[in-house]
$ cat work_15.txt   # compact mmCIF, N, CA and C atoms
# COMPACT_ATOMS: atom_id res chain seq x y z
N MET A 235 -0.99 332.00 -99.36
CA MET A 235 0.04 331.13 -99.86
C MET A 235 0.46 331.61 -101.24
N THR A 236 1.73 331.73 -101.44
CA THR A 236 2.23 332.10 -102.76
C THR A 236 3.02 330.94 -103.34
N PHE A 237 2.89 330.76 -104.61
CA PHE A 237 3.61 329.69 -105.29
C PHE A 237 4.84 330.27 -105.96
N LYS A 238 5.93 329.54 -105.87
CA LYS A 238 7.17 329.95 -106.51
C LYS A 238 7.03 329.79 -108.01
N ASN A 239 7.54 330.74 -108.74
CA ASN A 239 7.53 330.67 -110.19
C ASN A 239 8.40 329.49 -110.61
N PRO A 240 7.88 328.57 -111.45
CA PRO A 240 8.65 327.37 -111.79
C PRO A 240 9.90 327.65 -112.61
N VAL A 241 10.05 328.84 -113.16
CA VAL A 241 11.23 329.12 -113.96
C VAL A 241 12.37 329.69 -113.13
N HIS A 242 12.12 330.04 -111.89
CA HIS A 242 13.18 330.56 -111.04
C HIS A 242 13.82 329.41 -110.28
N PRO A 243 14.96 328.94 -110.76
CA PRO A 243 15.58 327.81 -110.09
C PRO A 243 16.13 328.20 -108.73
N GLY A 244 16.23 327.23 -107.85
CA GLY A 244 16.78 327.48 -106.53
C GLY A 244 18.28 327.64 -106.57
N GLY A 245 18.91 327.29 -107.63
CA GLY A 245 20.36 327.39 -107.77
C GLY A 245 20.75 327.02 -109.19
N ILE A 246 21.99 326.61 -109.33
CA ILE A 246 22.49 326.25 -110.65
C ILE A 246 21.87 324.93 -111.12
N ARG A 247 21.70 324.00 -110.19
CA ARG A 247 21.17 322.69 -110.54
C ARG A 247 19.66 322.76 -110.76
N ARG A 248 19.20 322.05 -111.79
CA ARG A 248 17.77 322.02 -112.07
C ARG A 248 17.08 321.01 -111.18
N GLY A 249 15.85 321.32 -110.82
CA GLY A 249 15.08 320.43 -109.96
C GLY A 249 14.41 319.32 -110.74
N ARG A 250 13.74 318.46 -110.00
CA ARG A 250 13.05 317.33 -110.63
C ARG A 250 11.94 317.78 -111.55
N PHE A 251 11.22 318.83 -111.13
CA PHE A 251 10.12 319.30 -111.97
C PHE A 251 10.63 319.84 -113.31
N GLU A 252 11.72 320.59 -113.28
CA GLU A 252 12.27 321.13 -114.52
C GLU A 252 12.73 320.01 -115.45
N GLN A 253 13.35 318.97 -114.87
CA GLN A 253 13.78 317.83 -115.69
C GLN A 253 12.58 317.09 -116.27
N PHE A 254 11.56 316.87 -115.43
CA PHE A 254 10.36 316.19 -115.92
C PHE A 254 9.68 317.00 -117.02
N ALA A 255 9.59 318.32 -116.82
CA ALA A 255 8.94 319.17 -117.83
C ALA A 255 9.70 319.12 -119.15
N GLU A 256 11.03 319.08 -119.08
CA GLU A 256 11.81 319.00 -120.32
C GLU A 256 11.60 317.65 -121.01
N TYR A 257 11.63 316.55 -120.25
CA TYR A 257 11.38 315.23 -120.84
C TYR A 257 9.99 315.15 -121.43
N ALA A 258 9.00 315.66 -120.72
CA ALA A 258 7.63 315.62 -121.21
C ALA A 258 7.48 316.48 -122.46
N SER A 259 8.16 317.62 -122.49
CA SER A 259 8.10 318.48 -123.67
C SER A 259 8.74 317.80 -124.87
N ASN A 260 9.85 317.11 -124.64
CA ASN A 260 10.48 316.38 -125.74
C ASN A 260 9.59 315.25 -126.24
N PHE A 261 8.92 314.55 -125.31
CA PHE A 261 8.04 313.46 -125.72
C PHE A 261 6.83 313.98 -126.49
N THR A 262 6.24 315.08 -126.02
CA THR A 262 5.04 315.57 -126.69
C THR A 262 5.34 316.17 -128.06
N SER A 263 6.59 316.44 -128.35
CA SER A 263 6.93 316.94 -129.69
C SER A 263 7.40 315.81 -130.60
N SER A 264 7.27 314.57 -130.13
CA SER A 264 7.73 313.42 -130.92
C SER A 264 6.62 312.90 -131.83
N PRO A 265 6.99 312.18 -132.88
CA PRO A 265 5.98 311.57 -133.75
C PRO A 265 5.14 310.51 -133.03
N VAL A 266 5.69 309.85 -132.03
CA VAL A 266 4.94 308.83 -131.29
C VAL A 266 3.75 309.47 -130.57
N PHE A 267 3.98 310.61 -129.93
CA PHE A 267 2.89 311.27 -129.23
C PHE A 267 1.86 311.80 -130.23
N PHE A 268 2.31 312.31 -131.36
CA PHE A 268 1.37 312.77 -132.38
C PHE A 268 0.50 311.62 -132.86
N LEU A 269 1.10 310.46 -133.06
CA LEU A 269 0.33 309.29 -133.49
C LEU A 269 -0.67 308.88 -132.41
N PHE A 270 -0.26 308.93 -131.13
CA PHE A 270 -1.17 308.63 -130.03
C PHE A 270 -2.37 309.57 -130.05
N CYS A 271 -2.12 310.87 -130.20
CA CYS A 271 -3.21 311.85 -130.23
C CYS A 271 -4.11 311.63 -131.45
N LEU A 272 -3.50 311.32 -132.56
CA LEU A 272 -4.27 311.07 -133.78
C LEU A 272 -5.19 309.86 -133.60
N LEU A 273 -4.67 308.81 -132.97
CA LEU A 273 -5.49 307.62 -132.71
C LEU A 273 -6.61 307.93 -131.71
N LEU A 274 -6.29 308.72 -130.69
CA LEU A 274 -7.30 309.09 -129.70
C LEU A 274 -8.42 309.91 -130.32
N VAL A 275 -8.06 310.86 -131.16
CA VAL A 275 -9.07 311.69 -131.83
C VAL A 275 -9.85 310.85 -132.86
N GLY A 276 -9.17 309.96 -133.54
CA GLY A 276 -9.85 309.09 -134.51
C GLY A 276 -10.78 308.09 -133.85
N PHE A 277 -10.45 307.69 -132.63
CA PHE A 277 -11.27 306.73 -131.90
C PHE A 277 -12.61 307.34 -131.49
N PHE A 278 -12.63 308.65 -131.29
CA PHE A 278 -13.85 309.33 -130.85
C PHE A 278 -14.99 309.18 -131.87
N PRO A 279 -14.79 309.54 -133.16
CA PRO A 279 -15.91 309.32 -134.11
C PRO A 279 -16.19 307.84 -134.37
N ALA A 280 -15.16 306.99 -134.21
CA ALA A 280 -15.40 305.55 -134.41
C ALA A 280 -16.34 305.01 -133.35
N VAL A 281 -16.24 305.48 -132.14
CA VAL A 281 -17.14 305.05 -131.07
C VAL A 281 -18.57 305.51 -131.37
N HIS A 282 -18.69 306.72 -131.91
CA HIS A 282 -20.02 307.22 -132.29
C HIS A 282 -20.63 306.37 -133.40
N VAL A 283 -19.85 306.11 -134.43
CA VAL A 283 -20.36 305.37 -135.58
C VAL A 283 -20.72 303.94 -135.19
N ALA A 284 -19.92 303.33 -134.33
CA ALA A 284 -20.16 301.94 -133.93
C ALA A 284 -21.26 301.82 -132.88
N HIS A 285 -21.78 302.94 -132.39
CA HIS A 285 -22.83 302.95 -131.37
C HIS A 285 -22.44 302.11 -130.15
N LEU A 286 -21.22 302.32 -129.69
CA LEU A 286 -20.76 301.61 -128.51
C LEU A 286 -21.33 302.25 -127.26
N ARG A 287 -21.05 301.66 -126.12
CA ARG A 287 -21.64 302.13 -124.87
C ARG A 287 -21.24 303.58 -124.57
N LEU A 288 -22.11 304.25 -123.87
CA LEU A 288 -21.88 305.65 -123.50
C LEU A 288 -20.65 305.81 -122.60
N GLU A 289 -20.39 304.82 -121.77
CA GLU A 289 -19.24 304.89 -120.87
C GLU A 289 -17.94 304.96 -121.65
N LEU A 290 -17.86 304.22 -122.74
CA LEU A 290 -16.66 304.25 -123.57
C LEU A 290 -16.50 305.60 -124.25
N LEU A 291 -17.60 306.16 -124.70
CA LEU A 291 -17.56 307.49 -125.32
C LEU A 291 -17.10 308.53 -124.31
N LEU A 292 -17.59 308.46 -123.09
CA LEU A 292 -17.16 309.39 -122.05
C LEU A 292 -15.69 309.21 -121.71
N LEU A 293 -15.23 307.96 -121.67
CA LEU A 293 -13.81 307.70 -121.39
C LEU A 293 -12.91 308.34 -122.44
N VAL A 294 -13.28 308.19 -123.70
CA VAL A 294 -12.48 308.79 -124.78
C VAL A 294 -12.50 310.31 -124.68
N GLY A 295 -13.67 310.89 -124.45
CA GLY A 295 -13.76 312.34 -124.34
C GLY A 295 -12.99 312.89 -123.16
N GLU A 296 -13.08 312.21 -122.02
CA GLU A 296 -12.34 312.66 -120.84
C GLU A 296 -10.83 312.48 -121.02
N SER A 297 -10.43 311.44 -121.75
CA SER A 297 -9.01 311.25 -122.04
C SER A 297 -8.47 312.39 -122.89
N MET A 298 -9.25 312.80 -123.89
CA MET A 298 -8.81 313.93 -124.73
C MET A 298 -8.73 315.21 -123.91
N THR A 299 -9.66 315.40 -122.99
CA THR A 299 -9.63 316.58 -122.13
C THR A 299 -8.40 316.57 -121.24
N ALA A 300 -8.07 315.41 -120.68
CA ALA A 300 -6.89 315.31 -119.81
C ALA A 300 -5.61 315.58 -120.59
N VAL A 301 -5.51 315.04 -121.78
CA VAL A 301 -4.32 315.28 -122.61
C VAL A 301 -4.21 316.77 -122.95
N THR A 302 -5.34 317.39 -123.25
CA THR A 302 -5.34 318.82 -123.56
C THR A 302 -4.86 319.66 -122.37
N LEU A 303 -5.34 319.35 -121.18
CA LEU A 303 -4.91 320.10 -119.99
C LEU A 303 -3.43 319.90 -119.70
N LEU A 304 -2.95 318.67 -119.86
CA LEU A 304 -1.52 318.43 -119.65
C LEU A 304 -0.66 319.18 -120.66
N LEU A 305 -1.09 319.19 -121.90
CA LEU A 305 -0.35 319.93 -122.92
C LEU A 305 -0.36 321.43 -122.65
N LEU A 306 -1.47 321.94 -122.16
CA LEU A 306 -1.56 323.35 -121.81
C LEU A 306 -0.58 323.69 -120.68
N ALA A 307 -0.50 322.83 -119.67
CA ALA A 307 0.43 323.06 -118.57
C ALA A 307 1.87 323.02 -119.06
N LEU A 308 2.19 322.07 -119.93
CA LEU A 308 3.55 322.00 -120.48
C LEU A 308 3.88 323.21 -121.33
N LEU A 309 2.93 323.65 -122.11
CA LEU A 309 3.15 324.82 -122.95
C LEU A 309 3.40 326.06 -122.11
N LYS A 310 2.63 326.24 -121.07
CA LYS A 310 2.81 327.40 -120.18
C LYS A 310 4.16 327.34 -119.48
N ASN A 311 4.56 326.15 -119.03
CA ASN A 311 5.85 326.01 -118.37
C ASN A 311 6.99 326.32 -119.33
N ALA A 312 6.90 325.82 -120.56
CA ALA A 312 7.94 326.10 -121.55
C ALA A 312 7.99 327.60 -121.88
N GLU A 313 6.83 328.22 -121.95
CA GLU A 313 6.78 329.66 -122.22
C GLU A 313 7.45 330.45 -121.09
N MET A 314 7.17 330.08 -119.85
CA MET A 314 7.75 330.80 -118.72
C MET A 314 9.26 330.58 -118.64
N ARG A 315 9.74 329.35 -118.94
CA ARG A 315 11.17 329.11 -118.93
C ARG A 315 11.87 329.90 -120.02
N ALA A 316 11.26 329.97 -121.20
CA ALA A 316 11.86 330.74 -122.30
C ALA A 316 11.88 332.23 -121.97
N GLU A 317 10.80 332.72 -121.37
CA GLU A 317 10.74 334.13 -120.98
C GLU A 317 11.81 334.46 -119.93
N HIS A 318 12.00 333.56 -118.99
CA HIS A 318 13.01 333.77 -117.95
C HIS A 318 14.42 333.78 -118.56
N ALA A 319 14.68 332.88 -119.51
CA ALA A 319 16.00 332.84 -120.15
C ALA A 319 16.27 334.12 -120.93
N ILE A 320 15.27 334.61 -121.63
CA ILE A 320 15.43 335.87 -122.37
C ILE A 320 15.66 337.02 -121.42
N GLN A 321 14.92 337.06 -120.32
CA GLN A 321 15.08 338.14 -119.35
C GLN A 321 16.47 338.12 -118.73
N ARG A 322 17.00 336.94 -118.44
CA ARG A 322 18.35 336.85 -117.88
C ARG A 322 19.39 337.36 -118.86
N LYS A 323 19.21 337.06 -120.14
CA LYS A 323 20.15 337.55 -121.16
C LYS A 323 20.07 339.06 -121.29
N LEU A 324 18.84 339.58 -121.29
CA LEU A 324 18.67 341.04 -121.38
C LEU A 324 19.25 341.74 -120.16
N ASP A 325 19.08 341.13 -118.97
CA ASP A 325 19.66 341.71 -117.76
C ASP A 325 21.18 341.75 -117.84
N ALA A 326 21.78 340.69 -118.39
CA ALA A 326 23.24 340.66 -118.52
C ALA A 326 23.72 341.73 -119.49
N ILE A 327 23.02 341.90 -120.58
CA ILE A 327 23.39 342.94 -121.56
C ILE A 327 23.20 344.32 -120.95
N ALA A 328 22.06 344.52 -120.29
CA ALA A 328 21.79 345.82 -119.68
C ALA A 328 22.77 346.12 -118.56
N GLY A 329 23.24 345.11 -117.86
CA GLY A 329 24.22 345.33 -116.80
C GLY A 329 25.59 345.65 -117.34
N ALA A 330 25.93 345.11 -118.50
CA ALA A 330 27.26 345.35 -119.08
C ALA A 330 27.35 346.69 -119.81
N LEU A 331 26.26 347.15 -120.36
CA LEU A 331 26.30 348.40 -121.13
C LEU A 331 26.66 349.62 -120.29
N PRO A 332 26.10 349.81 -119.11
CA PRO A 332 26.49 350.99 -118.33
C PRO A 332 27.97 350.98 -117.96
N ALA A 333 28.52 349.82 -117.70
CA ALA A 333 29.95 349.75 -117.38
C ALA A 333 30.80 350.11 -118.59
N ALA A 334 30.34 349.73 -119.77
CA ALA A 334 31.10 350.04 -120.99
C ALA A 334 31.01 351.51 -121.37
N HIS A 335 29.92 352.16 -121.00
CA HIS A 335 29.72 353.56 -121.37
C HIS A 335 29.57 354.45 -120.14
N ALA A 336 30.34 354.19 -119.12
CA ALA A 336 30.21 354.94 -117.86
C ALA A 336 30.56 356.41 -118.04
N GLU A 337 31.52 356.70 -118.89
CA GLU A 337 31.91 358.10 -119.07
C GLU A 337 31.01 358.85 -120.05
N ASP A 338 30.25 358.11 -120.79
CA ASP A 338 29.35 358.71 -121.78
C ASP A 338 28.08 359.19 -121.08
N GLY A 339 27.73 360.44 -121.20
CA GLY A 339 26.54 361.00 -120.55
C GLY A 339 25.40 361.19 -121.52
N SER A 340 25.27 360.32 -122.51
CA SER A 340 24.25 360.49 -123.54
C SER A 340 22.85 360.17 -123.01
N GLN A 341 21.87 360.56 -123.79
CA GLN A 341 20.46 360.31 -123.45
C GLN A 341 20.17 358.81 -123.42
N ALA A 342 20.74 358.06 -124.33
CA ALA A 342 20.50 356.62 -124.38
C ALA A 342 21.02 355.94 -123.11
N PHE A 343 22.16 356.42 -122.62
CA PHE A 343 22.72 355.87 -121.38
C PHE A 343 21.79 356.13 -120.20
N GLU A 344 21.25 357.32 -120.11
CA GLU A 344 20.34 357.66 -119.02
C GLU A 344 19.03 356.87 -119.12
N GLU A 345 18.53 356.67 -120.33
CA GLU A 345 17.31 355.87 -120.52
C GLU A 345 17.54 354.42 -120.11
N LEU A 346 18.72 353.90 -120.40
CA LEU A 346 19.05 352.53 -120.00
C LEU A 346 19.11 352.42 -118.48
N ARG A 347 19.71 353.38 -117.83
CA ARG A 347 19.78 353.36 -116.36
C ARG A 347 18.39 353.43 -115.75
N GLU A 348 17.52 354.24 -116.32
CA GLU A 348 16.14 354.33 -115.81
C GLU A 348 15.38 353.02 -116.05
N ALA A 349 15.61 352.39 -117.19
CA ALA A 349 14.94 351.13 -117.49
C ALA A 349 15.40 350.03 -116.53
N ILE A 350 16.67 350.02 -116.20
CA ILE A 350 17.18 349.03 -115.24
C ILE A 350 16.55 349.26 -113.87
N ARG A 351 16.45 350.50 -113.47
CA ARG A 351 15.82 350.79 -112.18
C ARG A 351 14.34 350.38 -112.19
N MET A 352 13.67 350.62 -113.32
CA MET A 352 12.25 350.29 -113.45
C MET A 352 12.07 348.76 -113.33
N GLU A 353 12.95 347.98 -113.94
CA GLU A 353 12.85 346.52 -113.87
C GLU A 353 13.11 346.03 -112.46
N GLU A 354 14.00 346.67 -111.73
CA GLU A 354 14.30 346.26 -110.37
C GLU A 354 13.15 346.57 -109.43
N GLU A 355 12.34 347.59 -109.73
CA GLU A 355 11.22 347.97 -108.88
C GLU A 355 10.04 347.03 -109.02
N THR A 356 9.91 346.37 -110.17
CA THR A 356 8.75 345.50 -110.40
C THR A 356 8.95 344.11 -109.92
$ encode --input "work_15.txt" --output "structure tokens"
Amino acid sequence: MTFKNPVHPGGIRRGRFEQFAEYASNFTSSPVFFLFCLLLVGFFPAVHVAHLRLELLLLVGESMTAVTLLLLALLKNAEMRAEHAIQRKLDAIAGALPAAHAEDGSQAFEELREAIRMEEET
């Protein structure tokens, strides 16, 4: 089974996952989410100092782990979307340059043609 790369859209319209990832990314960069994380991290030593039940300590620790994993997934998704956008821009530039310099037989032109072929092979 192969998974589709989340940055390769099926068309012009963005899917539900892309919209959710953008909303989640905007929320996690907000001051409200920072305050939530700060309270969650601050609650951890408070539970230790207050000698509360072990179950509560585990709940706080597992909550921080879950938030960390979700943030990691969002960060990776944002990284892949940004990489895909940059690659599309570079492909457009690389595609336009040979047409602009078709009559020019310089070394740079040949290197660009080889680089385009190399990208298409991978």
$ atom_distance --input "work_15.txt" --atom1 "atom CA of A:Glu348" --atom2 "atom CA of A:Ala319"
21.9 Å
$ atom_distance --input "work_15.txt" --atom1 "atom CA of A:Arg248" --atom2 "atom C of A:Arg315"
12.7 Å
$ residues_around --input "work_15.txt" --residues "stretch 295-305 of chain A" --least-positions-apart "4" --cutoff "7 Å" --atoms "only N, CA and C atoms" --output "PyMOL selection string"
chain A and resi 274+278+290-291+309-310
$ axis_aligned_box --input "work_15.txt" --around "stretch 317-332 of chain A" --padding-each-side "4 Å" --output "JSON"
{"center_x": 19.4, "center_y": 341.9, "center_z": -119.6, "size_x": 25.2, "size_y": 26.3, "size_z": 13.6}
$ residues_around --input "work_15.txt" --residues "A:Ala307" --least-positions-apart "5" --cutoff "12 Å" --atoms "only C-alpha atoms" --output "list in words"
Pro240, Ala255, Ala258, Ser259, Thr262, Ala300, Val301, Thr302, Ala312, Glu313 and Met314 of chain A
$ atom_distance --input "work_15.txt" --atom1 "atom CA of A:Lys323" --atom2 "atom CA of A:Phe251"
22.8 Å
